[in-house]
>>> print(open('entry10.cif').read())   # mmCIF, C-alpha atoms and all ligand atoms
data_data
#
loop_
_atom_site.label_atom_id
_atom_site.label_comp_id
_atom_site.auth_asym_id
_atom_site.auth_seq_id
_atom_site.Cartn_x
_atom_site.Cartn_y
_atom_site.Cartn_z
CA MET A 389 76.83 119.04 101.56
CA LYS A 390 74.08 117.37 103.46
CA THR A 391 74.70 116.82 107.15
CA LEU A 392 72.68 114.23 108.94
CA LYS A 393 72.15 114.71 112.64
CA ILE A 394 70.70 111.95 114.74
CA MET A 395 70.05 111.41 118.42
CA THR A 396 71.47 108.12 119.40
CA ALA A 397 72.89 106.17 122.29
CA VAL A 398 76.57 105.71 121.61
CA PHE A 399 79.53 104.36 123.42
CA ALA A 400 82.21 106.95 123.92
CA LEU A 401 85.77 105.82 124.33
CA PHE A 402 87.51 107.44 127.24
CA GLY A 403 91.02 106.30 126.49
CA LEU A 404 92.85 103.35 127.85
CA VAL A 405 92.34 102.78 131.54
CA CYS A 406 93.92 99.98 133.52
CA LEU A 407 90.96 98.79 135.52
CA ALA A 408 93.12 96.54 137.64
CA GLY A 409 95.15 99.42 139.03
CA GLY A 410 98.50 98.51 137.53
CA CYS A 411 98.38 94.93 138.81
CA GLY A 412 99.66 93.51 135.55
CA ALA A 413 96.28 93.00 133.88
CA PRO A 414 96.11 94.42 130.35
CA PRO A 415 94.68 97.91 129.94
CA VAL A 416 91.08 97.76 128.76
CA PRO A 417 89.36 100.60 126.89
CA GLU A 418 86.62 101.88 129.18
CA LEU A 419 83.38 102.15 127.23
CA MET A 420 80.87 104.59 128.68
CA PRO A 421 77.33 104.63 127.32
CA VAL A 422 76.24 108.26 126.91
CA GLU A 423 73.31 110.01 125.27
CA GLU A 424 74.76 112.48 122.87
CA GLU A 425 74.01 114.20 119.64
CA THR A 426 76.28 112.53 117.17
CA GLU A 427 77.02 114.24 113.96
CA ILE A 428 77.22 111.71 111.18
CA LEU A 429 79.58 113.19 108.62
CA PRO A 430 78.52 112.86 105.02
CA VAL A 431 80.59 110.66 102.73
CA PRO A 432 81.39 112.65 99.58
CA ASP A 433 81.07 110.77 96.31
CA ALA A 434 79.73 107.68 98.06
CA PRO A 435 77.75 105.42 95.75
CA GLU A 436 73.98 106.05 95.75
CA GLU A 437 73.39 102.45 96.71
CA GLY A 438 75.56 99.74 98.23
CA VAL A 439 79.11 100.32 99.34
CA LYS A 440 82.49 101.20 97.95
CA ALA A 441 85.15 99.37 99.93
CA GLY A 442 88.69 100.30 100.85
CA VAL A 443 90.82 97.22 101.53
CA PHE A 444 93.82 98.11 103.68
CA TYR A 445 96.69 95.60 103.81
CA TYR A 446 99.52 95.94 106.31
CA SER A 447 101.96 95.01 103.54
CA PHE A 448 101.64 93.85 99.95
CA SER A 449 104.93 91.98 100.39
CA ASP A 450 103.45 89.42 102.83
CA THR A 451 103.11 86.12 100.93
CA TYR A 452 100.11 84.67 102.75
CA LEU A 453 98.21 87.96 102.48
CA ALA A 454 99.08 88.22 98.80
CA GLY A 455 97.10 84.99 98.49
CA VAL A 456 94.19 86.51 100.40
CA ARG A 457 94.39 89.60 98.20
CA THR A 458 94.23 87.62 94.96
CA CYS A 459 91.15 85.74 96.19
CA LEU A 460 89.49 88.81 97.70
CA ASP A 461 89.94 90.84 94.51
CA ILE A 462 88.02 88.12 92.69
CA ALA A 463 85.37 87.66 95.40
CA LEU A 464 84.59 91.39 95.69
CA HIS A 465 84.54 91.74 91.94
CA GLU A 466 82.11 88.83 91.61
CA ALA A 467 79.94 90.31 94.37
CA GLY A 468 79.76 93.56 92.39
CA ILE A 469 81.38 95.60 95.15
CA PRO A 470 83.69 98.36 93.93
CA PHE A 471 86.92 98.49 95.94
CA VAL A 472 90.38 100.00 96.18
CA ASN A 473 93.40 98.18 97.71
CA TYR A 474 95.94 100.03 99.84
CA ASP A 475 99.47 98.97 100.88
CA ALA A 476 100.49 100.41 104.28
CA GLN A 477 104.06 99.15 103.78
CA SER A 478 104.23 98.09 107.43
CA SER A 479 103.48 101.54 108.85
CA GLN A 480 100.44 102.13 111.05
CA SER A 481 100.64 105.87 110.51
CA VAL A 482 100.69 105.36 106.73
CA GLN A 483 97.62 103.15 107.07
CA ASN A 484 95.81 105.73 109.22
CA GLY A 485 96.52 108.37 106.58
CA GLN A 486 95.28 106.07 103.83
CA ILE A 487 92.04 105.50 105.73
CA ASP A 488 91.54 109.28 106.14
CA THR A 489 92.14 109.83 102.44
CA ALA A 490 89.83 106.98 101.48
CA LEU A 491 87.05 108.20 103.76
CA SER A 492 87.19 111.64 102.24
CA SER A 493 87.09 110.21 98.74
CA GLY A 494 83.86 108.23 98.96
CA ILE A 495 84.92 104.90 100.52
CA ASN A 496 82.10 103.85 102.86
CA LEU A 497 83.19 100.37 103.98
CA LEU A 498 86.57 99.69 105.60
CA ILE A 499 88.19 96.26 105.29
CA VAL A 500 91.31 96.46 107.41
CA ASN A 501 94.37 94.31 108.08
CA VAL A 502 95.89 96.50 110.82
CA VAL A 503 99.64 96.99 110.93
CA SER A 504 100.08 97.01 114.71
CA ALA A 505 98.59 93.77 115.94
CA GLY A 506 98.01 92.51 119.42
CA ASN A 507 96.57 95.56 121.16
CA THR A 508 93.41 97.60 120.78
CA GLU A 509 95.12 100.89 119.99
CA ALA A 510 95.22 100.81 116.17
CA ALA A 511 91.72 99.37 115.83
CA THR A 512 90.24 101.81 118.35
CA GLU A 513 91.44 104.74 116.28
CA ILE A 514 89.99 103.23 113.09
CA ILE A 515 86.66 102.43 114.78
CA GLU A 516 86.44 106.05 115.93
CA LYS A 517 86.98 107.33 112.38
CA ALA A 518 84.27 104.99 111.04
CA ARG A 519 81.79 105.62 113.84
CA HIS A 520 81.59 109.30 113.02
CA ARG A 521 80.53 108.42 109.50
CA ASN A 522 78.26 105.51 110.44
CA ILE A 523 80.51 103.19 108.46
CA LYS A 524 81.15 99.51 109.11
CA VAL A 525 84.63 98.01 109.58
CA ILE A 526 85.68 94.45 108.76
CA PHE A 527 89.05 93.65 110.32
CA PHE A 528 90.92 90.58 109.16
CA ASN A 529 94.01 88.44 109.80
CA LYS A 530 95.92 90.48 112.39
CA PRO A 531 94.31 90.27 115.84
CA ILE A 532 93.02 93.66 116.97
CA GLU A 533 93.10 92.69 120.64
CA GLY A 534 95.93 91.41 122.82
CA GLU A 535 96.41 87.95 124.26
CA ASP A 536 94.31 88.52 127.39
CA GLU A 537 91.84 91.14 126.20
CA GLU A 538 89.84 89.24 123.59
CA GLY A 539 86.36 90.66 123.15
CA THR A 540 87.18 94.14 124.48
CA LEU A 541 86.31 95.69 121.14
CA LEU A 542 84.58 92.84 119.33
CA ASN A 543 81.98 92.23 122.01
CA GLU A 544 81.29 95.96 122.35
CA PHE A 545 80.76 97.39 118.90
CA ASP A 546 78.10 96.15 116.47
CA ASN A 547 79.42 97.82 113.34
CA ILE A 548 82.70 95.94 113.38
CA ALA A 549 83.70 92.33 112.74
CA PHE A 550 86.87 90.28 112.68
CA VAL A 551 87.65 87.48 110.21
CA GLY A 552 90.65 85.42 111.26
CA THR A 553 91.84 82.43 113.22
CA ASP A 554 92.04 81.15 116.74
CA ALA A 555 95.52 82.54 117.34
CA SER A 556 96.74 79.55 119.34
CA GLN A 557 95.42 76.74 117.11
CA SER A 558 98.22 76.67 114.52
CA GLY A 559 100.86 76.72 117.28
CA HIS A 560 99.32 73.66 118.92
CA MET A 561 98.99 71.87 115.59
CA GLN A 562 102.54 72.75 114.56
CA GLY A 563 103.87 71.53 117.93
CA LYS A 564 102.07 68.20 117.63
CA MET A 565 103.27 67.75 114.04
CA ILE A 566 106.88 68.53 115.00
CA GLY A 567 106.79 66.32 118.11
CA GLU A 568 105.42 63.36 116.19
CA TYR A 569 107.92 63.81 113.36
CA VAL A 570 110.90 63.99 115.71
CA ARG A 571 109.61 61.07 117.80
CA ASP A 572 109.29 58.92 114.68
CA HIS A 573 112.65 59.97 113.17
CA TYR A 574 114.69 60.52 116.33
CA SER A 575 118.08 59.07 115.42
CA GLU A 576 118.15 60.52 111.91
CA THR A 577 117.16 63.97 113.28
CA ASP A 578 119.79 63.83 116.05
CA LEU A 579 122.66 64.47 113.62
CA ASN A 580 125.45 64.69 116.19
CA GLY A 581 124.09 61.72 118.15
CA ASP A 582 124.17 63.51 121.50
CA GLY A 583 120.64 62.35 122.37
CA VAL A 584 119.14 65.87 122.29
CA ILE A 585 117.53 67.71 119.35
CA SER A 586 118.88 71.21 118.92
CA TYR A 587 116.47 73.63 117.22
CA ALA A 588 116.34 77.16 115.78
CA LEU A 589 113.10 79.15 115.76
CA PHE A 590 112.12 82.17 113.66
CA LYS A 591 109.39 84.47 114.95
CA GLY A 592 107.48 86.71 112.53
CA GLU A 593 106.30 89.63 114.64
CA ALA A 594 106.84 90.67 118.25
CA LEU A 595 103.34 91.34 119.64
CA ASN A 596 101.04 89.51 117.25
CA PRO A 597 99.24 86.78 119.26
CA GLU A 598 99.50 84.39 116.29
CA ALA A 599 103.29 84.75 116.38
CA ILE A 600 103.43 84.56 120.17
CA TYR A 601 101.39 81.35 120.35
CA ARG A 602 103.15 79.67 117.42
CA THR A 603 106.48 80.43 119.08
CA ARG A 604 105.33 79.05 122.44
CA TYR A 605 103.28 76.00 121.49
CA SER A 606 105.39 74.74 118.59
CA VAL A 607 108.04 73.95 121.20
CA GLU A 608 105.89 73.18 124.28
CA ASP A 609 103.58 70.78 122.47
CA ALA A 610 106.44 69.09 120.60
CA ASP A 611 108.24 68.60 123.91
CA ALA A 612 105.08 67.08 125.40
CA VAL A 613 104.96 64.46 122.61
CA LEU A 614 108.66 63.71 123.07
CA GLU A 615 108.35 63.47 126.83
CA GLU A 616 105.50 61.01 126.52
CA ALA A 617 107.64 58.89 124.20
CA GLY A 618 110.50 58.93 126.72
CA TYR A 619 112.73 61.41 124.88
CA PRO A 620 114.29 64.57 126.37
CA HIS A 621 112.95 68.04 125.57
CA MET A 622 114.45 69.83 122.57
CA GLU A 623 117.11 72.48 123.25
CA TYR A 624 117.43 75.90 121.63
CA PHE A 625 120.69 75.84 119.67
CA ASP A 626 122.20 79.03 121.11
CA PRO A 627 122.54 78.94 124.93
CA SER A 628 123.30 82.68 125.04
CA ASN A 629 119.88 83.58 123.55
CA TYR A 630 117.38 83.60 126.43
CA ASP A 631 114.43 84.42 124.14
CA HIS A 632 114.83 81.09 122.36
CA PHE A 633 113.87 82.65 119.04
CA GLN A 634 115.15 85.07 116.41
CA LEU A 635 112.68 87.81 115.51
CA ASP A 636 111.91 89.55 112.22
CA LEU A 637 112.48 93.03 113.63
CA ALA A 638 110.43 94.60 110.81
CA GLY A 639 107.45 92.44 111.84
CA THR A 640 106.88 91.22 108.30
CA TRP A 641 107.29 87.44 108.79
CA SER A 642 109.79 87.58 105.94
CA ASP A 643 111.94 85.01 104.17
CA GLU A 644 114.73 87.58 104.07
CA ALA A 645 114.93 87.90 107.89
CA ALA A 646 115.02 84.12 108.34
CA ARG A 647 117.58 83.71 105.56
CA ARG A 648 119.91 86.26 107.14
CA TYR A 649 119.63 84.76 110.63
CA MET A 650 120.05 81.21 109.39
CA SER A 651 123.09 82.08 107.26
CA ALA A 652 124.75 83.68 110.26
CA ASN A 653 123.82 80.66 112.42
CA LEU A 654 125.33 78.27 109.90
CA GLU A 655 128.64 80.14 110.02
CA GLU A 656 129.05 78.80 113.53
CA TYR A 657 126.91 75.71 113.69
CA GLY A 658 127.44 72.82 111.29
CA VAL A 659 127.74 69.08 110.94
CA PRO A 660 131.57 69.16 110.67
CA ARG A 661 131.75 70.87 114.08
CA GLY A 662 129.29 68.43 115.61
CA ASN A 663 126.97 71.23 116.75
CA MET A 664 124.50 71.30 113.87
CA ILE A 665 121.09 72.91 114.26
CA GLU A 666 118.98 69.78 113.84
CA LEU A 667 115.51 71.24 113.43
CA VAL A 668 114.13 74.58 112.20
CA ILE A 669 110.75 75.88 113.39
CA CYS A 670 109.29 78.85 111.52
CA ASN A 671 106.24 80.95 112.38
CA ASN A 672 105.22 80.79 108.72
CA ASP A 673 106.17 79.27 105.38
CA ASN A 674 107.79 82.41 104.08
CA MET A 675 110.33 82.25 106.91
CA ALA A 676 110.75 78.53 106.21
CA GLU A 677 111.61 79.43 102.61
CA GLY A 678 114.29 81.84 103.84
CA ALA A 679 115.76 79.27 106.25
CA ILE A 680 115.89 76.68 103.46
CA ALA A 681 117.60 79.16 101.11
CA ALA A 682 120.32 79.62 103.75
CA LEU A 683 120.59 75.87 104.32
CA ASN A 684 120.98 75.44 100.54
CA GLU A 685 123.93 77.84 100.57
CA TYR A 686 125.65 75.40 102.91
CA GLY A 687 124.68 72.32 100.90
CA TYR A 688 121.78 71.19 103.10
CA ASN A 689 118.15 70.60 102.01
CA THR A 690 118.93 70.65 98.31
CA GLY A 691 116.75 67.60 97.69
CA MET A 692 119.68 66.01 95.84
CA GLU A 693 121.02 62.61 96.65
CA GLY A 694 123.54 62.72 99.48
CA SER A 695 122.41 66.15 100.71
CA VAL A 696 121.53 66.19 104.43
CA THR A 697 118.00 67.48 105.05
CA ILE A 698 117.35 69.40 108.27
CA PRO A 699 113.62 69.21 109.06
CA VAL A 700 112.04 72.65 108.51
CA PHE A 701 108.44 73.38 109.53
CA GLY A 702 106.18 76.34 108.72
CA VAL A 703 102.54 77.43 108.70
CA ASP A 704 100.24 78.57 105.82
CA ALA A 705 100.77 75.87 103.15
CA THR A 706 101.71 78.43 100.51
CA GLU A 707 102.13 77.19 96.97
CA TYR A 708 105.92 77.41 97.24
CA ALA A 709 106.00 75.53 100.56
CA ARG A 710 103.97 72.74 98.95
CA GLN A 711 106.59 72.53 96.21
CA LEU A 712 109.43 72.47 98.75
CA ILE A 713 107.71 69.64 100.62
CA ALA A 714 107.07 67.74 97.39
CA SER A 715 110.77 67.99 96.49
CA GLY A 716 111.87 66.79 99.95
CA ARG A 717 113.44 70.11 100.98
CA MET A 718 110.89 71.06 103.65
CA THR A 719 109.18 68.73 106.11
CA GLY A 720 105.77 70.06 107.10
CA THR A 721 103.26 72.88 107.30
CA ILE A 722 99.77 73.74 108.53
CA VAL A 723 97.10 74.96 106.11
CA GLN A 724 95.71 78.44 106.60
CA ASP A 725 92.89 78.87 104.12
CA ALA A 726 93.45 82.16 102.25
CA GLY A 727 90.52 81.53 99.91
CA LYS A 728 88.10 80.98 102.78
CA MET A 729 89.24 84.17 104.48
CA ALA A 730 88.52 86.09 101.27
CA GLU A 731 85.10 84.47 100.78
CA ILE A 732 84.00 85.30 104.33
CA ILE A 733 85.18 88.91 104.06
CA ALA A 734 83.23 89.24 100.81
CA HIS A 735 80.12 87.76 102.47
CA LEU A 736 80.33 90.37 105.23
CA ALA A 737 80.91 93.12 102.66
CA VAL A 738 77.76 92.05 100.80
CA ASN A 739 75.86 92.19 104.10
CA ALA A 740 77.11 95.75 104.60
CA SER A 741 76.16 96.63 101.06
CA GLN A 742 72.62 95.37 101.62
CA GLY A 743 72.25 97.22 104.90
CA LYS A 744 72.22 94.00 106.93
CA ASP A 745 74.15 93.21 110.10
CA LEU A 746 77.76 92.40 109.20
CA MET A 747 77.63 88.90 110.67
CA GLU A 748 74.24 87.90 109.24
CA ASP A 749 74.28 84.24 108.09
CA ALA A 750 78.07 84.17 108.39
CA PHE A 751 78.41 81.00 110.46
CA SER A 752 75.69 79.10 108.63
CA SER A 753 77.16 80.00 105.24
CA PHE A 754 80.64 78.74 106.20
CA PRO A 755 80.41 75.40 108.01
CA GLY A 756 83.42 74.71 110.19
CA THR A 757 83.76 78.32 111.29
CA GLU A 758 83.01 79.13 114.90
CA SER A 759 83.45 81.74 117.60
CA HIS A 760 83.36 82.42 121.30
CA ILE A 761 83.44 86.19 120.69
CA LYS A 762 80.42 88.06 119.34
CA ASN A 763 81.69 89.71 116.18
CA LYS A 764 84.54 87.35 115.42
CA ILE A 765 84.50 84.51 112.90
CA ILE A 766 87.22 81.88 113.25
CA ILE A 767 88.48 79.88 110.27
CA PRO A 768 89.97 76.55 111.34
CA TYR A 769 93.48 75.50 110.35
CA SER A 770 94.10 72.00 109.02
CA TYR A 771 97.11 69.70 108.69
CA TYR A 772 98.77 69.62 105.31
CA ASP A 773 99.01 66.11 103.95
CA PRO A 774 101.37 65.98 100.95
CA GLU A 775 100.49 62.39 100.16
CA ALA A 776 96.79 63.13 99.75
CA GLU A 777 97.72 66.02 97.46
CA SER A 778 100.18 64.05 95.31
CA THR A 779 97.90 61.02 94.87
CA GLY A 780 94.91 63.24 94.17
CA ALA A 781 93.12 61.44 97.02
CA GLY A 782 92.09 64.75 98.53
CA ASP A 783 93.01 68.39 98.58
CA GLY A 784 96.00 67.84 100.83
CA THR A 785 94.36 68.93 104.05
CA GLU A 786 93.38 67.13 107.20
CA THR A 787 91.28 68.42 110.06
CA PRO A 788 92.99 68.45 113.48
CA ASP A 789 91.43 65.13 114.52
CA GLY A 790 92.95 63.47 111.46
CA ALA A 791 89.86 63.11 109.27
CA GLU A 792 90.22 64.49 105.78
CA ALA A 793 88.68 67.92 105.43
CA SER A 794 85.55 68.44 103.38
CA ASP A 795 85.52 71.04 100.65
CA GLU A 796 84.12 73.57 103.08
CA ALA A 797 87.03 73.30 105.51
CA GLY A 798 89.64 72.48 102.89
CA ALA A 799 92.52 74.48 101.55
CA SER A 800 92.86 76.92 98.79
CA ASP A 801 96.24 77.64 97.37
CA GLY A 802 97.44 79.81 100.20
CA ALA A 803 99.73 81.78 97.96
CA GLY A 804 99.11 84.08 95.09
CA GLY A 805 100.79 86.56 92.88
CA GLU A 806 100.71 90.29 93.03
CA GLY A 807 97.67 91.98 91.66
CA GLY A 808 94.60 93.88 92.58
CA ALA A 809 93.23 97.30 92.08
CA ASP A 810 95.98 99.14 93.85
CA ASP A 811 95.68 102.70 94.99
C1 LIG B 1 99.69 84.92 109.67
C2 LIG B 1 100.36 84.19 108.51
C3 LIG B 1 101.68 84.84 108.22
C4 LIG B 1 101.52 86.32 108.01
C5 LIG B 1 100.78 86.93 109.18
C6 LIG B 1 100.55 88.42 109.00
O1 LIG B 1 98.43 84.37 109.91
O2 LIG B 1 100.55 82.85 108.86
O3 LIG B 1 102.28 84.26 107.10
O4 LIG B 1 100.78 86.52 106.85
O5 LIG B 1 99.53 86.27 109.38
O6 LIG B 1 99.76 88.91 110.03
#
>>> encode(input="entry10.cif", output="structure tokens", more="lines below")
Ligand code: GAL
Amino acid sequence: MKTLKIMTAVFALFGLVCLAGGCGAPPVPELMPVEEETEILPVPDAPEEGVKAGVFYYSFSDTYLAGVRTCLDIALHEAGIPFVNYDAQSSQSVQNGQIDTALSSGINLLIVNVVSAGNTEAATEIIEKARHRNIKVIFFNKPIEGEDEEGTLLNEFDNIAFVGTDASQSGHMQGKMIGEYVRDHYSETDLNGDGVISYALFKGEALNPEAIYRTRYSVEDADAVLEEAGYPHMEYFDPSNYDHFQLDLAGTWSDEAARRYMSANLEEYGVPRGNMIELVICNNDNMAEGAIAALNEYGYNTGMEGSVTIPVFGVDATEYARQLIASGRMTGTIVQDAGKMAEIIAHLAVNASQGKDLMEDAFSSFPGTESHIKNKIIIPYSYYDPEAESTGAGDGTETPDGAEASDEAGASDGAGGEGGADD
């Protein structure tokens, strides 16, 4: 086996150090430039030219990511990049093991949807593994840095990139959409007529910034719209729950978690008792599906004449959510473009395959994307407009300022079936 030794300036990671001396600031990995002789380990069975990619998903059961996977399988295939998909089944240690196995079997490009989002720990370990082999890493979807430490990794390392969203954008958009809906349908939403809207909220994952911001802004921004219109703030339905949300403890943003919570809620809260939950806010469409399934069990949101519909909101605009909205059983969603995410990842993979910088031509090739962080590319969300979709007047998406999205910033299906070249 050929071992390549090079002299190079590298950044060594000296663990996690709280620079602010325990004052509450997030720990930041301290990056020390050192001259050292780095041994670049050979990659056995790596292709002579180009790359062979390993695509590591946190879970194959996640609906939105199943959509990304379907599109990415096609995009990588069309780009002529051989790849293998891996399902970490929601375990970071399983994913780390899969990466080790892949690296020793000839994979020389890592495309990673980390399991543990919202801190630098998981990504740091993966970057270390790749750095020793001079391999590039494309992270996607789950933020690899916490709420207040953006750029800690992405501004530091050149051989990594992140394809995802501005974690707070969908929360703000969802909040505005909910506030405007409730403002415009106040008396019909206020089922018990007590003047206050009582809501339930389902959170997908504890530490993921996307989940944190959706949970916060869906309520704060809706309340701001209501306040401006002279209405009181919404109230969480269960006064004994100080979190003001119910969490998918497995961190999988699942319909099943929301269905279970909502069924239990409906045991106690209902129209006949005058304490009905009047609005349901979900971190994503899959949870909205689960909440609607539970509501259906109690005769709500069936779409049939006479059935009371509780407004349910999600994010992603999955194919099934679009159908629920079309049949009047769900009220609204925000489009997250699974197809665009796949296309951008494939573009970066082609760059890696051609020995270019990962981010070369990324922003110019995908109008509408942007970033304030060096190696991060942000795909914008858009409002889902069911009328535009049903009349064929557009692709069902609207940009945040209300103008209809162009093809470039528009939606793809957002949901897909199982598939892919699994490991
Ligand atoms: C979000 C998406 C969720 C779930 C999550 C996983 O962006 O809206 O449905 O897929 O990512 O990290």
>>> residues_near_point(input="entry10.cif", point="(77.7, 86.8, 102.2)", cutoff="9 Å", atoms="only C-alpha atoms", output="list in words")
Ala467, Glu731, Ile732, Ile733, Ala734, His735, Leu736, Ala737, Val738, Asn739, Leu746, Met747, Glu748, Asp749, Ala750 and Ser753 of chain A
>>> closest_residue(input="entry10.cif", among="A:Gly583, A:Gly618, A:Pro627, A:Gly494", to="A:Ile523", atoms="all atoms listed in the file")
A:Gly494
>>> residues_near_ligand(input="entry10.cif", ligand="ligand LIG 1 (chain B)", cutoff="8 Å", atoms="all atoms listed in the file", output="number ranges by chain")
A: 446, 450-453, 501, 505, 529-530, 552-553, 592, 596, 598-599, 640-641, 671-674, 703-704, 724
>>> atom_distance(input="entry10.cif", atom1="atom CA of A:Ala549", atom2="atom CA of A:Asp461")
19.3 Å
>>> atom_distance(input="entry10.cif", atom1="atom CA of A:Arg521", atom2="atom CA of A:Lys744")
16.8 Å
>>> atom_distance(input="entry10.cif", atom1="atom CA of A:Leu497", atom2="atom CA of A:Ile765")
18.2 Å
>>> closest_residue(input="entry10.cif", among="A:Asn689, A:Gln483, A:Ser449, A:Thr540", to="A:Val503", atoms="all atoms listed in the file")
A:Gln483
>>> residues_around(input="entry10.cif", residues="A:Leu541", least_positions_apart="2", cutoff="9 Å", atoms="all atoms listed in the file", output="VMD selection string")
chain A and resid 417 508 511 to 512 532 to 533 537 to 539 543 to 545 548
>>> build_atoms(input="entry10.cif", residues="stretch 669-675 of chain A", atoms="all heavy atoms", output="PDB file, in the coordinates of the input")
ATOM      1  N   ILE A 669     112.183  75.606 113.217  1.00  0.00           N
ATOM      2  CA  ILE A 669     110.750  75.880 113.390  1.00  0.00           C
ATOM      3  C   ILE A 669     110.503  77.320 112.947  1.00  0.00           C
ATOM      4  O   ILE A 669     111.173  78.239 113.413  1.00  0.00           O
ATOM      5  CB  ILE A 669     110.343  75.725 114.877  1.00  0.00           C
ATOM      6  CG1 ILE A 669     110.744  74.333 115.395  1.00  0.00           C
ATOM      7  CG2 ILE A 669     108.845  75.978 115.049  1.00  0.00           C
ATOM      8  CD1 ILE A 669     110.494  74.133 116.882  1.00  0.00           C
ATOM      9  N   CYS A 670     109.548  77.505 112.035  1.00  0.00           N
ATOM     10  CA  CYS A 670     109.290  78.850 111.520  1.00  0.00           C
ATOM     11  C   CYS A 670     107.831  79.217 111.778  1.00  0.00           C
ATOM     12  O   CYS A 670     106.947  78.379 111.614  1.00  0.00           O
ATOM     13  CB  CYS A 670     109.562  78.903 110.022  1.00  0.00           C
ATOM     14  SG  CYS A 670     111.266  78.447 109.629  1.00  0.00           S
ATOM     15  N   ASN A 671     107.603  80.468 112.130  1.00  0.00           N
ATOM     16  CA  ASN A 671     106.240  80.950 112.380  1.00  0.00           C
ATOM     17  C   ASN A 671     105.374  80.873 111.135  1.00  0.00           C
ATOM     18  O   ASN A 671     104.155  80.848 111.233  1.00  0.00           O
ATOM     19  CB  ASN A 671     106.262  82.393 112.874  1.00  0.00           C
ATOM     20  CG  ASN A 671     106.336  82.561 114.367  1.00  0.00           C
ATOM     21  OD1 ASN A 671     106.260  83.679 114.869  1.00  0.00           O
ATOM     22  ND2 ASN A 671     106.483  81.473 115.114  1.00  0.00           N
ATOM     23  N   ASN A 672     106.014  80.911 109.950  1.00  0.00           N
ATOM     24  CA  ASN A 672     105.220  80.790 108.720  1.00  0.00           C
ATOM     25  C   ASN A 672     106.085  80.206 107.599  1.00  0.00           C
ATOM     26  O   ASN A 672     107.306  80.062 107.752  1.00  0.00           O
ATOM     27  CB  ASN A 672     104.595  82.132 108.306  1.00  0.00           C
ATOM     28  CG  ASN A 672     105.619  83.117 107.787  1.00  0.00           C
ATOM     29  OD1 ASN A 672     106.819  82.961 108.023  1.00  0.00           O
ATOM     30  ND2 ASN A 672     105.169  84.123 107.076  1.00  0.00           N
ATOM     31  N   ASP A 673     105.455  79.906 106.493  1.00  0.00           N
ATOM     32  CA  ASP A 673     106.170  79.270 105.380  1.00  0.00           C
ATOM     33  C   ASP A 673     107.176  80.201 104.722  1.00  0.00           C
ATOM     34  O   ASP A 673     108.194  79.761 104.189  1.00  0.00           O
ATOM     35  CB  ASP A 673     105.168  78.797 104.321  1.00  0.00           C
ATOM     36  CG  ASP A 673     104.422  77.557 104.757  1.00  0.00           C
ATOM     37  OD1 ASP A 673     104.835  76.919 105.751  1.00  0.00           O
ATOM     38  OD2 ASP A 673     103.414  77.219 104.103  1.00  0.00           O
ATOM     39  N   ASN A 674     106.857  81.489 104.727  1.00  0.00           N
ATOM     40  CA  ASN A 674     107.790  82.410 104.080  1.00  0.00           C
ATOM     41  C   ASN A 674     109.133  82.397 104.812  1.00  0.00           C
ATOM     42  O   ASN A 674     110.195  82.435 104.189  1.00  0.00           O
ATOM     43  CB  ASN A 674     107.170  83.807 104.067  1.00  0.00           C
ATOM     44  CG  ASN A 674     107.622  84.603 102.872  1.00  0.00           C
ATOM     45  OD1 ASN A 674     107.967  84.037 101.834  1.00  0.00           O
ATOM     46  ND2 ASN A 674     107.634  85.908 103.006  1.00  0.00           N
ATOM     47  N   MET A 675     109.077  82.332 106.140  1.00  0.00           N
ATOM     48  CA  MET A 675     110.330  82.250 106.910  1.00  0.00           C
ATOM     49  C   MET A 675     110.999  80.896 106.662  1.00  0.00           C
ATOM     50  O   MET A 675     112.231  80.808 106.598  1.00  0.00           O
ATOM     51  CB  MET A 675     110.064  82.494 108.392  1.00  0.00           C
ATOM     52  CG  MET A 675     109.493  83.884 108.670  1.00  0.00           C
ATOM     53  SD  MET A 675     109.457  84.344 110.416  1.00  0.00           S
ATOM     54  CE  MET A 675     110.926  85.347 110.526  1.00  0.00           C
TER      55      MET A 675
END
